[in-house]
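Source file structure.cif; content: mmCIF, C-alpha atoms.
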```cif
data_run
#
loop_
_atom_site.label_atom_id
_atom_site.label_comp_id
_atom_site.auth_asym_id
_atom_site.auth_seq_id
_atom_site.Cartn_x
_atom_site.Cartn_y
_atom_site.Cartn_z
CA MET A 1 41.23 3.61 -159.76
CA LYS A 2 41.15 6.50 -162.20
CA SER A 3 40.99 9.53 -159.94
CA PRO A 4 44.35 11.31 -159.63
CA ALA A 5 43.15 12.89 -156.38
CA VAL A 6 42.64 9.48 -154.81
CA ARG A 7 46.02 8.33 -156.09
CA VAL A 8 47.83 11.40 -154.72
CA LEU A 9 46.08 11.15 -151.36
CA ALA A 10 46.76 7.40 -151.17
CA THR A 11 50.45 8.03 -151.87
CA ILE A 12 50.73 10.68 -149.17
CA LEU A 13 48.92 8.48 -146.66
CA GLY A 14 51.06 5.53 -147.67
CA LEU A 15 54.27 7.47 -147.08
CA VAL A 16 53.05 8.56 -143.65
CA LEU A 17 52.16 4.98 -142.70
CA VAL A 18 55.48 3.58 -143.92
CA TYR A 19 57.35 6.28 -141.99
CA TYR A 20 55.54 5.56 -138.71
CA GLY A 21 55.81 1.81 -139.22
CA VAL A 22 59.57 1.99 -139.73
CA GLN A 23 59.93 4.21 -136.64
CA LYS A 24 58.36 1.45 -134.55
CA LEU A 25 60.65 -1.27 -135.86
CA GLY A 26 63.77 -0.11 -134.04
CA GLU A 27 63.23 -1.64 -130.63
CA PRO A 28 60.33 -4.14 -130.43
CA ALA A 29 60.34 -4.00 -126.62
CA ASP A 30 59.57 -0.27 -126.68
CA PHE A 31 56.50 -0.74 -128.85
CA LEU A 32 55.46 -3.73 -126.74
CA LYS A 33 55.57 -1.50 -123.65
CA SER A 34 53.53 1.15 -125.42
CA ILE A 35 50.68 -1.13 -126.43
CA HIS A 36 50.76 -2.81 -123.02
CA ALA A 37 50.33 0.61 -121.42
CA TYR A 38 47.02 1.05 -123.26
CA GLY A 39 45.70 -2.09 -121.59
CA PHE A 40 43.36 -3.03 -124.44
CA LEU A 41 45.01 -6.40 -124.99
CA PRO A 42 45.34 -9.03 -122.25
CA THR A 43 48.80 -10.15 -121.08
CA ARG A 44 47.57 -13.75 -121.02
CA PRO A 45 48.15 -15.57 -123.26
CA PRO A 46 51.44 -13.66 -123.80
CA TRP A 47 51.67 -14.38 -127.53
CA LEU A 48 48.69 -12.14 -128.26
CA LEU A 49 50.33 -8.96 -127.00
CA ASN A 50 53.77 -9.99 -128.31
CA LEU A 51 52.40 -10.76 -131.76
CA ALA A 52 50.59 -7.43 -131.85
CA ALA A 53 53.87 -5.68 -131.00
CA ILE A 54 55.79 -7.29 -133.83
CA ALA A 55 52.95 -7.27 -136.39
CA LEU A 56 51.43 -3.79 -136.10
CA PRO A 57 54.50 -1.93 -137.43
CA TRP A 58 54.55 -4.29 -140.40
CA LEU A 59 50.84 -3.79 -140.95
CA GLU A 60 51.52 -0.07 -141.28
CA ILE A 61 54.46 -0.63 -143.62
CA ILE A 62 52.66 -3.13 -145.85
CA CYS A 63 49.43 -1.15 -145.95
CA GLY A 64 51.45 1.99 -146.65
CA ALA A 65 53.27 0.28 -149.51
CA ALA A 66 49.98 -1.01 -150.92
CA LEU A 67 48.48 2.49 -150.77
CA ILE A 68 51.44 3.86 -152.70
CA LEU A 69 51.78 1.08 -155.25
CA GLY A 70 48.13 0.50 -156.10
CA PRO A 71 47.33 -3.20 -155.87
CA LEU A 72 45.29 -4.03 -152.75
CA ARG A 73 44.77 -0.31 -152.20
CA ARG A 74 41.16 -0.63 -151.03
CA GLY A 75 41.99 -3.30 -148.51
CA ALA A 76 45.02 -1.35 -147.29
CA ALA A 77 42.94 1.79 -146.85
CA LEU A 78 40.22 -0.09 -144.98
CA LEU A 79 42.67 -1.90 -142.69
CA SER A 80 44.59 1.30 -142.02
CA SER A 81 41.49 3.24 -141.11
CA LEU A 82 40.30 0.51 -138.74
CA VAL A 83 43.67 0.19 -136.96
CA LEU A 84 44.05 3.98 -136.79
CA ALA A 85 40.54 4.30 -135.35
CA ALA A 86 41.27 1.67 -132.70
CA PHE A 87 44.53 3.36 -131.67
CA THR A 88 42.98 6.81 -131.69
CA LEU A 89 40.25 5.57 -129.38
CA ALA A 90 42.91 4.04 -127.12
CA ILE A 91 44.82 7.35 -127.04
CA MET A 92 41.61 9.15 -126.08
CA VAL A 93 40.90 6.69 -123.26
CA ARG A 94 44.47 7.01 -121.96
CA SER A 95 44.25 10.78 -122.19
CA PHE A 96 41.21 10.77 -119.92
CA GLN A 97 43.06 8.45 -117.52
CA VAL A 98 46.08 10.76 -117.36
CA MET A 99 43.88 13.82 -116.97
CA GLY A 100 41.99 12.09 -114.16
CA ALA A 101 45.20 11.00 -112.43
CA ASP A 102 47.14 14.26 -112.39
CA GLY A 103 44.65 16.90 -113.48
CA THR A 104 46.57 17.98 -116.58
CA PRO A 105 44.35 20.15 -118.82
CA PHE A 106 43.52 18.51 -122.16
CA PHE A 107 45.37 21.06 -124.29
CA GLU A 108 48.54 20.64 -122.19
CA LEU A 109 48.46 16.86 -122.31
CA ALA A 110 51.57 15.21 -123.79
CA PHE A 111 52.86 11.65 -123.57
CA ASP A 112 54.48 8.94 -125.67
CA CYS A 113 51.54 7.33 -127.41
CA GLY A 114 53.73 4.59 -128.89
CA CYS A 115 53.09 6.08 -132.31
CA GLY A 116 56.75 6.10 -133.25
CA SER A 117 57.42 9.77 -132.64
CA GLY A 118 58.15 9.91 -128.90
CA ALA A 119 56.20 12.18 -126.57
CA VAL A 120 53.61 14.20 -128.48
CA ILE A 121 51.02 16.87 -127.72
CA ILE A 122 47.87 14.82 -127.58
CA TRP A 123 45.31 17.19 -129.11
CA GLN A 124 47.59 17.59 -132.13
CA LYS A 125 48.03 13.82 -132.37
CA LEU A 126 44.28 13.25 -132.22
CA LEU A 127 43.75 15.83 -134.94
CA PHE A 128 46.46 14.24 -137.07
CA ASN A 129 45.04 10.75 -136.58
CA GLY A 130 41.55 12.03 -137.36
CA SER A 131 42.86 13.36 -140.67
CA LEU A 132 44.50 10.02 -141.45
CA ILE A 133 41.32 8.11 -140.62
CA ALA A 134 39.23 10.39 -142.82
CA GLY A 135 41.78 10.12 -145.63
CA THR A 136 42.12 6.34 -145.54
CA ALA A 137 38.35 5.88 -145.25
CA TRP A 138 37.85 8.13 -148.28
CA VAL A 139 40.42 6.16 -150.28
CA ALA A 140 38.73 2.90 -149.23
CA LEU A 141 35.40 4.20 -150.52
CA ARG A 142 36.71 5.75 -153.73
CA ALA A 143 39.34 3.26 -154.84
CA ARG A 144 38.24 0.55 -157.25
CA PRO A 145 39.57 -2.97 -157.63
CA GLN A 146 42.48 -2.98 -160.07
CA MET B 1 49.36 -11.53 -161.19
CA PHE B 2 46.51 -12.67 -158.94
CA ARG B 3 44.36 -9.75 -157.96
CA PRO B 4 41.40 -10.33 -155.66
CA ARG B 5 38.15 -8.69 -156.67
CA SER B 6 36.70 -8.59 -153.19
CA LEU B 7 37.62 -6.27 -150.36
CA SER B 8 37.79 -9.15 -147.90
CA GLY B 9 40.23 -10.91 -150.22
CA GLU B 10 42.51 -7.87 -150.23
CA VAL B 11 42.35 -7.63 -146.44
CA LEU B 12 43.16 -11.32 -146.10
CA ILE B 13 46.21 -11.03 -148.35
CA LEU B 14 47.48 -7.95 -146.52
CA ALA B 15 47.00 -9.65 -143.14
CA SER B 16 48.88 -12.72 -144.36
CA LEU B 17 51.75 -10.62 -145.74
CA THR B 18 51.92 -8.70 -142.46
CA LEU B 19 52.04 -11.86 -140.37
CA ALA B 20 54.68 -13.43 -142.60
CA ALA B 21 56.92 -10.33 -142.58
CA ALA B 22 56.54 -9.82 -138.83
CA LEU B 23 57.36 -13.42 -137.91
CA LEU B 24 60.23 -13.63 -140.40
CA VAL B 25 61.93 -10.42 -139.28
CA ASN B 26 61.34 -11.18 -135.60
CA GLY B 27 62.99 -14.57 -136.12
CA LEU B 28 65.94 -12.99 -137.93
CA ARG B 29 66.46 -10.54 -135.08
CA GLY B 30 67.52 -13.39 -132.81
CA GLN B 31 67.94 -12.26 -129.21
CA SER B 32 66.84 -8.72 -129.98
CA GLY B 33 63.47 -9.96 -131.19
CA LEU B 34 60.51 -10.75 -128.95
CA ASP B 35 59.90 -14.25 -127.62
CA LEU B 36 56.26 -14.83 -128.54
CA ASP B 37 55.64 -17.22 -125.64
CA ARG B 38 57.27 -15.15 -122.94
CA ASP B 39 55.20 -13.17 -120.48
CA TYR B 40 57.03 -9.84 -120.37
CA PHE B 41 54.59 -8.47 -117.82
CA PRO B 42 54.58 -11.10 -115.06
CA ALA B 43 53.56 -8.60 -112.40
CA ASP B 44 50.22 -8.13 -114.17
CA SER B 45 49.55 -11.86 -114.16
CA ILE B 46 50.57 -12.24 -110.52
CA ALA B 47 48.30 -9.36 -109.59
CA THR B 48 45.27 -11.02 -111.15
CA GLU B 49 46.07 -14.37 -109.55
CA SER B 50 46.83 -13.25 -106.03
CA SER B 51 45.86 -10.30 -103.91
CA ASP B 52 48.93 -10.76 -101.70
CA GLY B 53 51.69 -11.10 -104.27
CA PRO B 54 54.19 -8.52 -105.39
CA GLY B 55 52.15 -7.68 -108.42
CA ASP B 56 49.38 -6.44 -106.20
CA ALA B 57 50.36 -3.59 -104.11
CA ALA B 58 47.76 -1.69 -102.55
CA GLU B 59 50.26 -0.29 -100.09
CA ASN B 60 52.45 1.37 -102.68
CA GLY B 61 51.86 3.99 -105.28
CA GLU B 62 48.11 3.99 -105.30
CA ALA B 63 47.82 7.69 -104.63
CA THR B 64 50.93 8.73 -106.53
CA GLY B 65 50.01 7.62 -110.01
CA LYS B 66 53.17 5.49 -110.11
CA PRO B 67 53.01 1.79 -110.96
CA GLN B 68 51.91 -0.21 -107.95
CA HIS B 69 53.87 -3.06 -106.44
CA GLY B 70 54.28 -5.04 -103.26
CA TYR B 71 58.04 -4.79 -102.83
CA THR B 72 59.97 -2.63 -100.43
CA SER B 73 60.34 0.88 -101.80
CA PHE B 74 63.74 2.53 -102.01
CA TYR B 75 63.62 6.29 -101.69
CA LEU B 76 65.96 9.05 -102.72
CA ALA B 77 67.12 9.63 -99.14
CA ASP B 78 68.50 6.11 -99.26
CA ALA B 79 70.14 6.85 -102.58
CA LYS B 80 72.01 9.78 -101.09
CA ASP B 81 73.16 7.52 -98.31
CA TYR B 82 74.13 4.97 -100.90
CA GLN B 83 76.66 7.40 -102.27
CA GLN B 84 78.57 7.08 -99.00
CA TYR B 85 79.14 3.38 -99.35
CA LEU B 86 79.70 3.07 -103.07
CA ASP B 87 83.19 1.78 -102.29
CA ASP B 88 81.81 -0.92 -100.07
CA GLN B 89 79.01 -2.50 -102.05
CA ASP B 90 79.10 -5.89 -100.40
CA GLY B 91 75.58 -7.01 -99.86
CA VAL B 92 73.96 -4.30 -101.98
CA ILE B 93 73.36 -4.76 -105.68
CA PHE B 94 71.77 -2.17 -107.94
CA LEU B 95 70.13 -3.48 -111.10
CA ASP B 96 69.25 -1.21 -114.02
CA ALA B 97 66.22 -2.66 -115.83
CA ARG B 98 66.48 -0.21 -118.74
CA SER B 99 67.91 -0.94 -122.16
CA GLN B 100 71.64 -1.21 -122.87
CA LYS B 101 71.47 1.99 -124.90
CA LEU B 102 70.08 3.96 -121.97
CA PHE B 103 72.46 2.25 -119.52
CA GLU B 104 75.46 3.21 -121.61
CA ALA B 105 74.26 6.80 -121.85
CA GLY B 106 74.23 7.02 -118.06
CA HIS B 107 73.45 4.92 -115.00
CA ILE B 108 73.75 4.92 -111.24
CA PRO B 109 77.39 4.19 -110.33
CA GLY B 110 77.76 0.57 -109.33
CA ALA B 111 74.53 -0.51 -111.00
CA ARG B 112 74.56 -3.49 -113.32
CA LEU B 113 72.77 -3.71 -116.62
CA CYS B 114 69.82 -6.11 -116.53
CA HIS B 115 67.45 -4.98 -119.29
CA HIS B 116 64.12 -6.52 -118.39
CA TYR B 117 63.31 -7.52 -121.98
CA ARG B 118 66.73 -9.16 -122.47
CA GLN B 119 67.15 -10.48 -118.95
CA ASP B 120 68.15 -13.95 -120.16
CA GLN B 121 71.42 -12.40 -121.31
CA TYR B 122 72.24 -11.07 -117.85
CA ILE B 123 70.58 -12.98 -115.02
CA PRO B 124 72.24 -16.43 -115.35
CA ALA B 125 75.71 -14.92 -114.87
CA MET B 126 74.74 -13.01 -111.76
CA LEU B 127 72.05 -15.19 -110.22
CA GLU B 128 74.18 -16.70 -107.44
CA GLU B 129 75.46 -13.27 -106.52
CA LEU B 130 71.92 -11.92 -106.40
CA ARG B 131 70.84 -14.77 -104.15
CA ALA B 132 73.72 -14.04 -101.79
CA ALA B 133 73.03 -10.30 -101.65
CA ASP B 134 71.54 -8.54 -98.65
CA ILE B 135 69.40 -6.33 -100.86
CA VAL B 136 68.84 -6.01 -104.61
CA VAL B 137 67.68 -2.52 -105.58
CA ILE B 138 66.05 -2.37 -109.00
CA TYR B 139 65.31 0.79 -110.93
CA CYS B 140 64.26 1.87 -114.40
CA ALA B 141 63.48 5.28 -115.88
CA GLY B 142 61.15 6.43 -113.10
CA GLY B 143 57.74 8.03 -113.55
CA ASP B 144 55.33 5.50 -114.99
CA CYS B 145 58.09 3.04 -115.92
CA GLU B 146 57.30 -0.43 -114.59
CA ASP B 147 60.22 -2.45 -115.98
CA SER B 148 61.81 -2.58 -112.53
CA ILE B 149 58.66 -4.16 -111.09
CA GLN B 150 58.39 -6.64 -113.95
CA LEU B 151 62.06 -7.62 -113.52
CA ALA B 152 61.61 -7.98 -109.76
CA THR B 153 58.63 -10.28 -110.32
CA ASP B 154 60.65 -12.44 -112.70
CA LEU B 155 63.50 -12.63 -110.17
CA VAL B 156 61.09 -13.83 -107.50
CA PHE B 157 58.80 -16.12 -109.45
CA THR B 158 61.13 -17.41 -112.15
CA HIS B 159 64.54 -17.31 -110.49
CA GLY B 160 63.60 -18.02 -106.90
CA LEU B 161 64.81 -14.88 -105.11
CA THR B 162 62.87 -14.03 -101.99
CA GLN B 163 60.55 -11.06 -102.18
CA GLU B 164 62.13 -9.57 -99.04
CA LEU B 165 65.48 -9.37 -100.83
CA ILE B 166 64.19 -6.92 -103.41
CA ALA B 167 63.60 -3.19 -103.28
CA ILE B 168 62.24 -0.96 -106.02
CA TYR B 169 63.72 2.48 -106.50
CA GLU B 170 60.49 4.12 -107.64
CA GLY B 171 62.00 7.49 -108.47
CA GLY B 172 64.28 5.73 -110.88
CA PHE B 173 67.07 7.19 -112.94
CA ALA B 174 65.17 10.42 -113.62
CA GLU B 175 64.98 11.22 -109.92
CA TRP B 176 68.64 10.29 -109.44
CA VAL B 177 69.70 12.70 -112.19
CA ASN B 178 67.40 15.46 -111.01
CA ALA B 179 68.93 15.18 -107.55
CA GLY B 180 72.33 15.96 -109.07
CA LEU B 181 73.84 12.64 -108.02
CA GLU B 182 76.79 11.11 -109.83
CA VAL B 183 76.08 9.38 -113.15
CA ARG B 184 78.40 6.91 -114.82
CA GLU B 185 78.53 6.32 -118.57
CA GLY B 186 79.45 3.15 -120.44
CA LEU B 187 78.82 -0.51 -119.82
CA GLN B 188 80.86 -0.86 -116.65
CA PRO B 189 78.87 -0.81 -113.37
#
```

Starting from the coordinates I provided, produce the structure as structure tokens.
Amino acid sequence: MKSPAVRVLATILGLVLVYYGVQKLGEPADFLKSIHAYGFLPTRPPWLLNLAAIALPWLEIICGAALILGPLRRGAALLSSLVLAAFTLAIMVRSFQVMGADGTPFFELAFDCGCGSGAVIIWQKLLFNGSLIAGTAWVALRARPQ
Amino acid sequence: MFRPRSLSGEVLILASLTLAAALLVNGLRGQSGLDLDRDYFPADSIATESSDGPGDAAENGEATGKPQHGYTSFYLADAKDYQQYLDDQDGVIFLDARSQKLFEAGHIPGARLCHHYRQDQYIPAMLEELRAADIVVIYCAGGDCEDSIQLATDLVFTHGLTQELIAIYEGGFAEWVNAGLEVREGLQP
């Protein structure tokens, strides 16, 4: 990878991913509850949901580190963008569920999305995640094998 | 250093590193880690297996947006009454299904810590007492928190308590605090 722009962007994205990954490491049960609340993984067999809860923070940390350091940068960018896209979709689905349940307007919607930052304003989170997805996808396309 | 030329190779290495780090650290955490084989959401499984069990609860919460369950509900009016017999708790046991950190920060006076995700640390020591109780009231944070329901389901289906013995305080700790009722800090009930 020769482009400084890609390297700078990859470093920024990597730092963000490492930060959010570390935030989720504190209490595994809290992150387990968060991903269970989305309902996109079955509770049977239990190991599937439990493994996701312990592995996803590490996926963020390791992909973040790879984005910063260089080796495996393409793969890290691709994996990050896919996981971010899946979670962003899940946040959107849950947003519609919450709006349907209590009638909260979209721009007033706030809940703990399990993203490692507590309760957040959802439209801002979706915008933020959209930026991360675009950034990681761009790095995945532009980065070259080292 | 080995450097894969293909994108799929990079993804495979990253996935392997992730899995190794996650399993290693989770193992090193000991009791504070997650037990991969344990079903932490037994009420969900019961609900899909039986339409009559505690996990299913068409009678409770359907219109409120709160988690549904099939246990007796404990309401704030009862909690106010409970204040009157805090000194005479025979037969009534309050269980706090939240984490130790939250319990220490504040809990309902008389309630015992029984963090749902670490219940193995608490239940064996109090199981006989729970079985002998007249009613076991379980609460968590309130709102959409369902840890109290999950703990109740474990008490019934894993530890053999009768369903009739258990009540869920749906309003939870948030409602208790908002009502201006007494809160106790620390690890003591």

Check: which chain A residues lie within 8 Å of chain B using all atoms listed in the file, as number ranges by chain: A: 27-29, 43-47, 50-51, 54-55, 58-59, 62-63, 71-72, 74-76, 78-79, 101-102, 145-146

Point-to-point distance from atom CA of Gln68 of chain B to atom CA of Ile149 of chain B, Å rounded to tenths: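 Spanning atom CA of Gln68 of chain B to atom CA of Ile149 of chain B is a straight-line distance of 8.4 Å.
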
Test item: the PyMOL selection byres ((chain A and resi 137) around 9) resolved as a PyMOL selection string: chain A and resi 77-78+80-82+132-136+138-142

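Minimum distance to Asp96 of chain B across B:Gly143, B:Pro124, B:Pro189, B:Gly70 (counting all atoms listed in the file) occurs at B:Pro189.
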
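As for atom CA of Leu69 of chain A and atom CA of Ala5 of chain A, they are spaced 14.7 Å apart.
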
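Between atom CA of Thr158 of chain B and atom CA of Pro42 of chain A there is a distance of 20.5 Å.
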
Non-local contacts of segment 85-96 of chain A (8 Å; all atoms listed in the file; under 6 positions in same chain excluded) as a PyMOL selection string: chain A and resi 38+40+106+109+113+122+126+129-130+133

Shortest interatomic distance to Gln121 of chain B - which of B:Gln31, B:His159, B:Ile93, B:Ile46, counting all atoms listed in the file: B:Gln31

Protein and nucleic acid residues near (66.4, -16.7, -102.2) (cut-off 12 Å, only C-alpha atoms) as a ChimeraX atom specification: /B:127-136,155-166

Expansion of the PyMOL selection byres ((chain B and resi 188) around 10) into residues, as a list in words: Phe103, Glu104, His107, Pro109, Gly110, Ala111, Arg112, Leu113, Arg184, Glu185, Gly186, Leu187 and Pro189 of chain B

Please determine an axis-aligned box that encloses all atoms of segment 93-97 of chain A listed in the file, with 8 Å added on each side, and express its centre and edge lengths in Å to one decimal as JSON.
```
{"center_x": 42.7, "center_y": 8.7, "center_z": -120.4, "size_x": 19.6, "size_y": 20.1, "size_z": 21.7}
```

Picked residues, the PyMOL selection byres ((chain A and resi 115) around 10), as number ranges by chain: A: 20-21, 23-24, 31, 34-35, 57, 87, 91, 112-114, 116-120, 125

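Of the residues listed (A:Leu32, A:Val83, A:Val22, A:Ile68), A:Ile68 shows the shortest atom-to-atom separation from Val8 of chain A; distances use all atoms listed in the file.
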